[in-house]
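**Q** So here's run-v3.txt (compact mmCIF, C-alpha atoms (C1' of nucleotides)).
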```txt
# COMPACT_ATOMS: atom_id res chain seq x y z
CA MET A 82 0.00 0.00 0.00
CA ARG A 83 1.36 3.42 -0.90
CA ILE A 84 1.13 6.57 1.18
CA GLY A 85 -1.89 7.97 -0.62
CA ASP A 86 -3.97 4.85 0.01
CA LEU A 87 -2.82 4.71 3.59
CA ALA A 88 -3.79 8.33 4.10
CA ARG A 89 -7.25 7.77 2.63
CA LYS A 90 -7.84 4.64 4.68
CA ALA A 91 -6.70 6.32 7.86
CA GLY A 92 -8.64 9.48 7.13
CA THR A 93 -5.56 11.64 7.27
CA THR A 94 -3.10 13.18 4.83
CA MET A 95 0.20 12.22 3.29
CA ARG A 96 1.81 15.19 4.93
CA THR A 97 0.73 14.02 8.34
CA ILE A 98 2.08 10.54 7.74
CA ARG A 99 5.44 11.88 6.65
CA TYR A 100 5.46 14.15 9.66
CA TYR A 101 4.86 11.20 11.94
CA GLU A 102 7.69 9.37 10.24
CA GLN A 103 9.93 12.34 10.85
CA LEU A 104 9.02 12.18 14.52
CA GLY A 105 9.84 8.49 14.55
CA LEU A 106 6.29 7.35 15.15
CA ILE A 107 5.77 5.16 12.11
CA ALA A 108 7.90 4.00 9.24
CA PRO A 109 7.17 2.40 5.89
CA ALA A 110 7.71 -1.34 5.78
CA ALA A 111 9.67 -0.88 2.56
CA ARG A 112 10.28 1.37 -0.40
CA THR A 113 10.00 0.82 -4.11
CA ARG A 114 13.17 1.14 -6.15
CA GLY A 115 12.04 4.62 -7.00
CA GLY A 116 11.70 5.57 -3.35
CA PHE A 117 7.92 5.36 -2.87
CA ARG A 118 6.92 4.40 0.65
CA LEU A 119 5.17 1.05 1.03
CA TYR A 120 3.03 0.24 4.06
CA GLU A 121 1.41 -2.79 5.67
CA GLU A 122 -1.86 -2.98 7.55
CA GLU A 123 -0.02 -2.54 10.82
CA GLU A 124 0.74 1.08 10.04
CA LEU A 125 -2.91 1.66 9.37
CA ARG A 126 -3.75 0.38 12.84
CA LYS A 127 -1.05 2.58 14.31
CA LEU A 128 -2.44 5.62 12.56
CA ARG A 129 -5.95 4.93 13.81
CA LEU A 130 -4.51 4.56 17.26
CA ILE A 131 -2.70 7.85 17.09
CA LYS A 132 -5.86 9.51 15.93
CA SER A 133 -7.86 8.24 18.84
CA LEU A 134 -5.12 9.06 21.30
CA GLN A 135 -5.17 12.60 20.00
CA LEU A 136 -8.80 12.87 20.99
CA GLY A 137 -7.53 12.82 24.55
CA GLN A 138 -4.99 15.54 23.74
CA THR A 139 -2.12 13.13 24.10
CA PRO A 140 0.82 14.93 22.51
CA LEU A 141 2.67 13.06 19.80
CA ALA A 142 5.82 13.05 21.89
CA ARG A 143 4.07 10.93 24.48
CA VAL A 144 2.62 8.67 21.85
CA LYS A 145 6.17 8.16 20.75
CA ALA A 146 7.33 7.38 24.28
CA PHE A 147 4.50 4.90 24.41
CA PHE A 148 5.61 3.25 21.19
CA GLU A 149 9.21 3.23 22.27
CA ALA A 150 8.52 1.50 25.56
CA ARG A 151 8.81 -1.73 23.61
CA ARG A 152 12.51 -1.33 22.92
CA ARG A 153 13.58 -0.35 26.39
CA GLY A 154 11.83 -3.06 28.37
CA LYS A 155 13.36 -6.52 28.32
CA ALA A 156 11.21 -8.69 30.53
CA ALA A 157 7.47 -8.78 30.10
CA SER A 158 6.96 -7.55 33.63
CA GLU A 159 9.23 -4.59 32.95
CA ILE A 160 7.23 -3.73 29.88
CA ALA A 161 3.96 -3.98 31.70
CA GLY A 162 5.34 -2.00 34.61
CA GLY A 163 6.85 0.74 32.48
CA LEU A 164 3.77 1.07 30.38
CA SER A 165 1.43 1.24 33.32
CA ARG A 166 3.54 4.00 34.83
CA LEU A 167 3.27 5.94 31.59
CA LEU A 168 -0.45 5.39 31.50
CA GLU A 169 -0.92 6.42 35.10
CA THR A 170 0.72 9.74 34.38
CA GLU A 171 -1.54 10.14 31.41
CA LEU A 172 -4.55 9.20 33.49
CA ARG A 173 -3.78 11.85 36.07
CA GLU A 174 -3.61 14.53 33.41
CA VAL A 175 -6.82 13.38 31.81
CA GLU A 176 -8.57 13.48 35.16
CA GLU A 177 -7.36 17.00 35.82
CA ARG A 178 -8.78 18.16 32.55
CA LEU A 179 -11.97 16.25 33.20
CA ALA A 180 -12.44 18.16 36.43
CA GLN A 181 -11.88 21.47 34.69
CA PHE A 182 -14.30 20.67 31.93
CA ARG A 183 -16.91 19.46 34.35
CA ALA A 184 -16.65 22.76 36.19
CA MET A 185 -16.99 24.61 32.91
CA GLN A 186 -20.00 22.56 31.95
CA ALA A 187 -21.73 23.27 35.25
CA SER A 188 -21.02 26.98 35.02
CA LEU A 189 -22.22 27.16 31.45
CA GLN A 190 -25.41 25.28 32.14
CA GLU A 191 -26.30 27.38 35.14
CA THR A 192 -25.46 30.62 33.40
CA ILE A 193 -27.58 29.73 30.40
CA GLU A 194 -30.47 28.94 32.67
CA ILE A 195 -30.16 32.28 34.44
CA LEU A 196 -29.92 34.13 31.15
CA ARG A 197 -33.07 32.49 29.89
CA CYS A 198 -34.83 33.73 32.98
CA CYS A 199 -33.50 37.25 32.50
CA ALA A 200 -34.47 37.22 28.85
CA GLY A 201 -37.96 36.17 29.87
CA CYS A 202 -38.20 39.04 32.33
CA SER A 203 -36.63 41.44 29.80
CA LEU A 204 -34.24 42.48 32.50
CA LYS A 205 -30.64 43.35 32.51
CA PRO A 206 -28.88 40.35 33.99
CA GLY A 207 -27.42 40.69 37.45
CA PRO A 208 -28.47 40.03 41.02
CA GLU A 209 -29.01 43.66 41.95
CA VAL A 210 -31.22 44.22 39.01
CA CYS A 211 -33.32 41.15 39.48
CA PRO A 212 -33.02 40.57 43.22
CA ARG A 213 -36.09 38.44 43.62
CA CYS A 214 -35.29 36.19 40.70
CA PRO A 215 -35.32 32.69 42.20
CA VAL A 216 -32.97 31.41 39.54
CA ILE A 217 -30.25 33.69 40.81
CA THR A 218 -31.01 33.98 44.48
CA SER A 219 -31.41 30.28 45.10
CA ARG A 220 -27.86 29.62 43.97
CA PRO A 221 -25.05 29.04 46.46
CA ALA A 222 -22.52 30.86 44.26
CA ILE A 223 -22.59 32.83 41.07
CA PRO A 224 -21.20 30.66 38.29
CA LEU A 225 -18.08 31.68 36.46
CA HIS A 226 -19.67 32.73 33.21
CA MET A 227 -22.45 34.54 34.98
CA GLN A 228 -19.90 36.73 36.67
CA ALA A 229 -18.64 37.73 33.26
CA VAL A 230 -22.16 38.37 32.06
CA ILE A 231 -22.87 40.62 35.01
CA GLU A 232 -19.76 42.65 34.36
CA LEU A 233 -20.73 42.99 30.76
CA ALA A 234 -24.26 44.02 31.59
CA GLU A 235 -22.97 46.85 33.72
CA GLY A 236 -21.86 48.67 30.62
CA THR A 237 -25.36 48.75 29.19
CA SER A 238 -27.93 51.44 29.67
CA LEU A 239 -31.35 49.99 30.05
CA PRO A 240 -34.35 49.97 32.32
CA GLY A 241 -33.54 47.87 35.37
CA MET B 136 -2.37 50.75 39.16
CA ARG B 137 0.40 50.21 36.64
CA ILE B 138 0.87 47.18 34.47
CA GLY B 139 3.41 45.49 36.72
CA ASP B 140 1.13 45.58 39.73
CA LEU B 141 -1.78 44.39 37.67
CA ALA B 142 0.26 41.51 36.34
CA ARG B 143 1.33 40.46 39.82
CA LYS B 144 -2.16 40.70 41.22
CA ALA B 145 -3.59 38.73 38.35
CA GLY B 146 -0.83 36.18 38.44
CA THR B 147 0.15 36.82 34.86
CA THR B 148 2.78 38.84 33.00
CA MET B 149 3.03 42.28 31.47
CA ARG B 150 3.54 40.72 28.09
CA THR B 151 0.30 38.82 28.38
CA ILE B 152 -1.62 41.93 29.35
CA ARG B 153 -0.24 43.87 26.42
CA TYR B 154 -1.07 40.94 24.17
CA TYR B 155 -4.65 40.96 25.41
CA GLU B 156 -4.82 44.65 24.75
CA GLN B 157 -3.57 44.06 21.24
CA LEU B 158 -6.37 41.56 20.78
CA GLY B 159 -8.86 44.10 22.05
CA LEU B 160 -9.70 42.20 25.21
CA ILE B 161 -8.77 44.78 27.81
CA ALA B 162 -7.56 48.36 27.74
CA PRO B 163 -5.98 50.66 30.31
CA ALA B 164 -8.36 53.14 31.90
CA ALA B 165 -5.79 55.87 31.25
CA ARG B 166 -2.14 56.58 30.61
CA THR B 167 0.37 58.75 32.38
CA ARG B 168 1.81 61.68 30.47
CA GLY B 169 4.81 59.50 29.78
CA GLY B 170 2.67 56.75 28.30
CA PHE B 171 2.51 54.26 31.18
CA ARG B 172 -0.70 52.27 31.27
CA LEU B 173 -2.96 52.82 34.28
CA TYR B 174 -5.58 50.28 35.30
CA GLU B 175 -8.58 50.06 37.61
CA GLU B 176 -9.83 47.09 39.59
CA GLU B 177 -12.20 46.18 36.80
CA GLU B 178 -9.38 45.10 34.57
CA LEU B 179 -8.12 42.83 37.32
CA ARG B 180 -11.48 41.10 37.45
CA LYS B 181 -11.44 40.77 33.69
CA LEU B 182 -8.02 39.18 33.79
CA ARG B 183 -9.07 36.68 36.44
CA LEU B 184 -12.06 35.87 34.31
CA ILE B 185 -9.98 35.27 31.25
CA LYS B 186 -7.72 32.99 33.23
CA SER B 187 -10.56 30.87 34.42
CA LEU B 188 -12.15 30.75 31.01
CA GLN B 189 -8.88 29.47 29.63
CA LEU B 190 -9.12 26.49 31.94
CA GLY B 191 -11.96 25.37 29.72
CA GLN B 192 -9.82 25.89 26.60
CA THR B 193 -11.93 28.83 25.53
CA PRO B 194 -9.85 30.55 22.86
CA LEU B 195 -9.18 34.24 23.38
CA ALA B 196 -11.05 35.08 20.22
CA ARG B 197 -14.21 33.72 21.78
CA VAL B 198 -13.55 35.51 25.02
CA LYS B 199 -13.40 38.63 22.93
CA ALA B 200 -16.67 37.84 21.22
CA PHE B 201 -18.10 37.36 24.67
CA PHE B 202 -16.84 40.74 25.81
CA GLU B 203 -18.02 42.41 22.67
CA ALA B 204 -21.54 41.12 22.98
CA ARG B 205 -22.13 44.10 25.22
CA ARG B 206 -21.74 46.64 22.45
CA ARG B 207 -23.85 44.91 19.86
CA GLY B 208 -26.91 44.23 21.97
CA LYS B 209 -29.20 47.14 22.70
CA ALA B 210 -32.06 45.81 24.73
CA ALA B 211 -31.44 43.67 27.79
CA SER B 212 -33.27 40.77 26.22
CA GLU B 213 -31.06 41.00 23.16
CA ILE B 214 -27.99 40.89 25.33
CA ALA B 215 -29.21 37.93 27.30
CA GLY B 216 -30.27 36.18 24.11
CA GLY B 217 -27.02 36.80 22.29
CA LEU B 218 -24.95 35.76 25.23
CA SER B 219 -26.86 32.60 25.85
CA ARG B 220 -26.45 31.63 22.22
CA LEU B 221 -22.71 32.12 22.56
CA LEU B 222 -22.65 30.11 25.72
CA GLU B 223 -24.69 27.31 24.24
CA THR B 224 -22.15 26.92 21.48
CA GLU B 225 -19.44 26.85 24.07
CA LEU B 226 -21.36 24.33 26.12
CA ARG B 227 -21.70 22.00 23.19
CA GLU B 228 -17.97 22.03 22.58
CA VAL B 229 -17.22 21.48 26.23
CA GLU B 230 -19.54 18.53 26.31
CA GLU B 231 -17.91 17.02 23.27
CA ARG B 232 -14.54 17.22 24.92
CA LEU B 233 -15.97 15.88 28.13
CA ALA B 234 -17.18 12.80 26.31
CA GLN B 235 -13.78 12.27 24.72
CA PHE B 236 -11.97 12.65 28.00
CA ARG B 237 -14.35 10.34 29.75
CA ALA B 238 -13.67 7.71 27.12
CA MET B 239 -9.95 8.24 27.55
CA GLN B 240 -10.25 7.91 31.29
CA ALA B 241 -12.15 4.67 31.03
CA SER B 242 -9.68 3.21 28.57
CA LEU B 243 -6.73 4.24 30.69
CA GLN B 244 -8.19 2.84 33.86
CA GLU B 245 -9.04 -0.49 32.30
CA THR B 246 -5.72 -0.78 30.57
CA ILE B 247 -3.82 -0.08 33.74
CA GLU B 248 -5.81 -2.72 35.53
CA ILE B 249 -5.05 -5.28 32.85
CA LEU B 250 -1.39 -4.40 32.86
CA ARG B 251 -1.20 -4.87 36.59
CA CYS B 252 -2.59 -8.33 36.13
CA CYS B 253 -0.09 -9.14 33.40
CA ALA B 254 2.76 -7.81 35.50
CA GLY B 255 1.62 -10.03 38.34
CA CYS B 256 1.60 -13.08 36.07
CA SER B 257 4.93 -12.02 34.56
CA LEU B 258 3.31 -12.50 31.20
CA LYS B 259 3.57 -10.66 27.99
CA PRO B 260 0.33 -8.67 27.71
CA GLY B 261 -2.22 -9.71 25.13
CA PRO B 262 -5.25 -11.96 24.95
CA GLU B 263 -3.59 -14.81 23.06
CA VAL B 264 -0.80 -14.91 25.57
CA CYS B 265 -2.97 -14.86 28.61
CA PRO B 266 -6.18 -16.40 27.32
CA ARG B 267 -7.58 -17.43 30.66
CA CYS B 268 -6.88 -14.09 32.29
CA PRO B 269 -10.27 -13.00 33.63
CA VAL B 270 -9.26 -9.38 33.53
CA ILE B 271 -8.96 -9.54 29.79
CA THR B 272 -11.53 -12.15 28.85
CA SER B 273 -14.33 -10.69 30.91
CA ARG B 274 -14.23 -7.43 29.02
CA PRO B 275 -16.72 -6.61 26.30
CA ALA B 276 -14.14 -4.76 24.22
CA ILE B 277 -10.43 -4.19 24.35
CA PRO B 278 -9.82 -0.65 25.52
CA LEU B 279 -8.03 1.79 23.29
CA HIS B 280 -4.75 1.88 25.11
CA MET B 281 -4.69 -1.85 25.59
CA GLN B 282 -4.81 -2.28 21.84
CA ALA B 283 -1.68 -0.21 21.62
CA VAL B 284 -0.05 -2.21 24.36
CA ILE B 285 -0.83 -5.46 22.61
CA GLU B 286 0.71 -4.20 19.40
CA LEU B 287 3.75 -3.14 21.29
CA ALA B 288 4.07 -6.43 23.12
CA GLU B 289 4.11 -8.30 19.85
CA GLY B 290 7.61 -7.05 19.20
CA THR B 291 8.98 -8.56 22.38
CA SER B 292 10.57 -11.96 22.77
CA LEU B 293 9.69 -13.57 26.03
CA PRO B 294 8.23 -16.70 27.54
CA GLY B 295 4.47 -16.60 26.99
C1' DA C 202 21.15 64.98 39.02
C1' DA C 203 22.17 60.42 39.51
C1' DA C 204 20.66 55.92 40.31
C1' DC C 205 17.37 52.59 39.94
C1' DA C 206 13.33 50.09 38.92
C1' DC C 207 9.70 50.05 35.94
C1' DA C 208 7.61 50.77 31.21
C1' DT C 209 7.40 51.52 26.24
C1' DT C 210 7.33 49.90 21.29
C1' DG C 211 9.04 46.66 17.95
C1' DA C 212 10.52 42.62 16.42
C1' DC C 213 11.88 38.06 16.29
C1' DG C 214 11.44 33.21 18.52
C1' DC C 215 9.04 29.03 20.00
C1' DC C 216 5.98 25.02 20.33
C1' DG C 217 2.93 21.55 18.17
C1' DA C 218 0.78 19.75 14.34
C1' DC C 219 0.48 20.14 10.38
C1' DG C 220 -0.74 23.07 5.32
C1' DT C 221 1.01 24.50 1.08
C1' DG C 222 3.72 25.26 -2.43
C1' DA C 223 7.85 24.24 -5.79
C1' DA C 224 10.61 21.53 -8.59
C1' DG C 225 11.84 17.23 -9.83
C1' DT C 226 11.06 11.72 -10.07
C1' DT C 227 8.34 7.34 -10.44
C1' DT C 228 4.45 4.50 -11.71
C1' DG C 229 0.83 2.51 -14.15
C1' DG C 230 -2.48 2.53 -18.04
C1' DG C 231 -3.39 3.13 -22.84
C1' DC D 231 6.50 5.36 -25.64
C1' DC D 232 4.08 8.85 -23.46
C1' DC D 233 1.39 11.21 -20.25
C1' DA D 234 -1.16 12.17 -16.17
C1' DA D 235 -1.39 10.96 -11.56
C1' DA D 236 0.99 9.86 -7.71
C1' DC D 237 5.00 10.52 -5.21
C1' DT D 238 9.63 12.48 -3.63
C1' DT D 239 12.35 16.07 -0.79
C1' DC D 240 12.98 20.85 0.70
C1' DA D 241 11.48 24.56 2.69
C1' DC D 242 8.61 28.26 4.12
C1' DG D 243 3.80 29.51 6.22
C1' DT D 244 0.10 29.27 9.89
C1' DC D 245 -2.19 29.64 14.32
C1' DG D 246 -2.47 30.62 19.42
C1' DG D 247 -0.44 32.32 23.26
C1' DC D 248 2.71 34.10 24.73
C1' DG D 249 8.60 34.57 25.93
C1' DT D 250 12.52 37.27 25.26
C1' DC D 251 15.62 40.66 23.65
C1' DA D 252 16.90 45.42 22.27
C1' DA D 253 17.00 50.08 22.46
C1' DT D 254 14.90 53.71 24.65
C1' DG D 255 11.92 56.46 27.79
C1' DT D 256 9.59 57.38 32.79
C1' DG D 257 8.70 57.55 37.76
C1' DT D 258 10.59 57.63 42.25
C1' DT D 259 14.15 58.04 45.69
C1' DT D 260 18.02 59.94 47.56
```
Just give me the structure as structure tokens.
**A**
Amino acid sequence: MRIGDLARKAGTTMRTIRYYEQLGLIAPAARTRGGFRLYEEEELRKLRLIKSLQLGQTPLARVKAFFEARRRGKAASEIAGGLSRLLETELREVEERLAQFRAMQASLQETIEILRCCAGCSLKPGPEVCPRCPVITSRPAIPLHMQAVIELAEGTSLPG
Amino acid sequence: MRIGDLARKAGTTMRTIRYYEQLGLIAPAARTRGGFRLYEEEELRKLRLIKSLQLGQTPLARVKAFFEARRRGKAASEIAGGLSRLLETELREVEERLAQFRAMQASLQETIEILRCCAGCSLKPGPEVCPRCPVITSRPAIPLHMQAVIELAEGTSLPG
DNA sequence: AAACACATTGACGCCGACGTGAAGTTTGGG
DNA sequence: CCCAAACTTCACGTCGGCGTCAATGTGTTT
């Protein structure tokens, strides 16, 4: 299989594949006499893998470290141990980001809800303006995005 | 307050503040005769806001759009409507990423568990190698990272 | 008025993950 | 044999979010 086919099958581009090769992530199984890269199915699997790893923001350098763990480890237990250490680091990072995104999601959802209420009342958003609004007052804390909205609303000139 | 103080209070740098100004995100309330930027507390709040928004990967361009929504909207309901549309877009993106990260987390956790088992057995990881391993065989699907591990393990030469 | 920290503009650099040419070479079908 | 399509390497461009340097100007203290 040549690079164009591989790119199509993997849903990526030739440029990307060559870039990965430059980084030492994948390599063609062989070359034609003329120098064309020739690939096996294995590279296709690797590419798909890289793609899915990228969904989790895993940088290519770490993907490489992951791929390289094969060479360094000798015994199976070493391999398993080394890999699981790598993955635990990764897991910690993923969980950090998860927490951040969950917080963002909560803030966004709450803020949207409040805004819908304000839009219904035709009021400038903000707790001083709409002090009896249950959507705002029943909340333990003002969500992140709502704080921004309130600041923004202070610049406007409209009936309160 | 001059730019250095603002930077310290906001936990950022002068360069960053000037960069934000260049992007139209924040502006000094005034300047000294000599040209030094002078800021009020409001800018500090804005900076803190930007920082927290960045935790959710919100690009600065969108933060700007968010800030600019003030000028475009005239009536309060327009403002609230426009903002909530912005935030809904943001929310959708955040939720997409949340799903991806959740999948990554699950895959990582499962893979680490499997690897621990393999390390305990001193076996090369992979379902053919350890066919009776309940940790592997009881799973509905092989997690993402485990697929990578299996590919990697195939290059090793060790007692199965 | 000298010393010193603090600021100013401008410009170039960097990282990651590629895109986008340009100029030449190889392959495969008719 | 010839031609278009596919491929090669080289090298510069992009985007976001700043870092860092250079040369110069300001504010404050003594």
**Q** Nearest to DT210 (chain C) among D:DC231, D:DA253, D:DC245, D:DC237, with distances taken over all atoms listed in the file: which residue is it?
**A**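 Closest to DT210 (chain C) of all the choices is D:DA253.
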**Q** Expressed in Å to a single decimal, how great is the separation between CA of Met227 (chain A) and CA of Tyr154 (chain B)?
**A**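 We find that CA of Met227 (chain A) and CA of Tyr154 (chain B) lie 24.8 Å from each other.
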**Q** With a distance cut-off of 9 Å and all atoms listed in the file, select the neighbouring residues of Glu245 (chain B), excluding the residue or stretch itself and same-chain residues fewer than 6 positions from it, and output the selection as a PyMOL selection string.
**A** chain B and resi 270+277-278+280-281
**Q** Counting all atoms listed in the file, which residue out of A:Arg83, A:Lys90, A:Arg129, A:Arg143 sits closest to chain D?
**A** A:Arg83
**Q** If you count only C-alpha atoms (C1' of nucleotides), which residues fall within 9 Å of DG246 (chain D), apart from same-chain ones fewer than 2 positions away, as a list of chain:residue names?
**A** B:Pro194, B:Leu195, D:DC248
**Q** Which residues of chain A come within 8 Å of chain D, and for each one, what is the closest pair of atoms and their distance in Å to one decimal, counting all atoms listed in the file, sorted by chain and residue number, as a tab-separated table?
**A**
```
residue	atom	partner	partner_atom	distance
A:Gly85	CA	D:DA236	C1'	7.9
A:Gly116	CA	D:DT238	C1'	7.2
A:Phe117	CA	D:DC237	C1'	6.4
```
**Q** Please produce a file of those selected residues containing C-alpha atoms, as an mmCIF file, in the coordinates of the input.
**A**
```cif
data_model
loop_
_atom_site.group_PDB
_atom_site.id
_atom_site.type_symbol
_atom_site.label_atom_id
_atom_site.label_comp_id
_atom_site.auth_asym_id
_atom_site.auth_seq_id
_atom_site.Cartn_x
_atom_site.Cartn_y
_atom_site.Cartn_z
ATOM 1 C CA GLY A 85 -1.890 7.970 -0.620
ATOM 2 C CA GLY A 116 11.700 5.570 -3.350
ATOM 3 C CA PHE A 117 7.920 5.360 -2.870
#
```
**Q** Tell me which residues come within 10 Å of (-1.6, 44.7, 31.2), as a ChimeraX atom specification, counting all atoms listed in the file in the file's coordinates.
**A** /B:137-142,145,147-156,161-163,172-174,178-179,182
**Q** If you take only C-alpha atoms (C1' of nucleotides) and a cut-off of 10 Å, which residues of chain C touch chain B, and what are their nearest atom pairs and distances in Å to one decimal, in chain and number order, as CSV?
**A**
```
residue,atom,partner,partner_atom,distance
C:DC207,C1',B:Gly139,CA,7.8
C:DA208,C1',B:Phe171,CA,6.2
C:DT209,C1',B:Gly170,CA,7.3
```
**Q** For Ala196 (chain B), work out the shell of residues within 12 Å, counting all atoms listed in the file and skipping chain neighbours fewer than 3 positions away, then give it as a list in words.
**A**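 Close residues of Ala196 (chain B): Tyr155, Gln157, Leu158, Gly159, Leu160, Ile185, Leu188, Gln189, Gln192, Thr193, Lys199, Ala200, Phe201, Phe202 and Glu203 of chain B; DC245, DG246 and DG247 of chain D.
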**Q** Grab the CA of Gly163 (chain A) to CA of Ile249 (chain B) distance for me, in Å with one decimal place.
**A**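 Separation of CA of Gly163 (chain A) and CA of Ile249 (chain B): 13.3 Å.
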**Q** Report, in Å to a single decimal, how far apart CA of Lys127 (chain A) and CA of Glu248 (chain B) are.
**A**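 Calculated distance between CA of Glu248 (chain B) and CA of Lys127 (chain A) is 22.4 Å.
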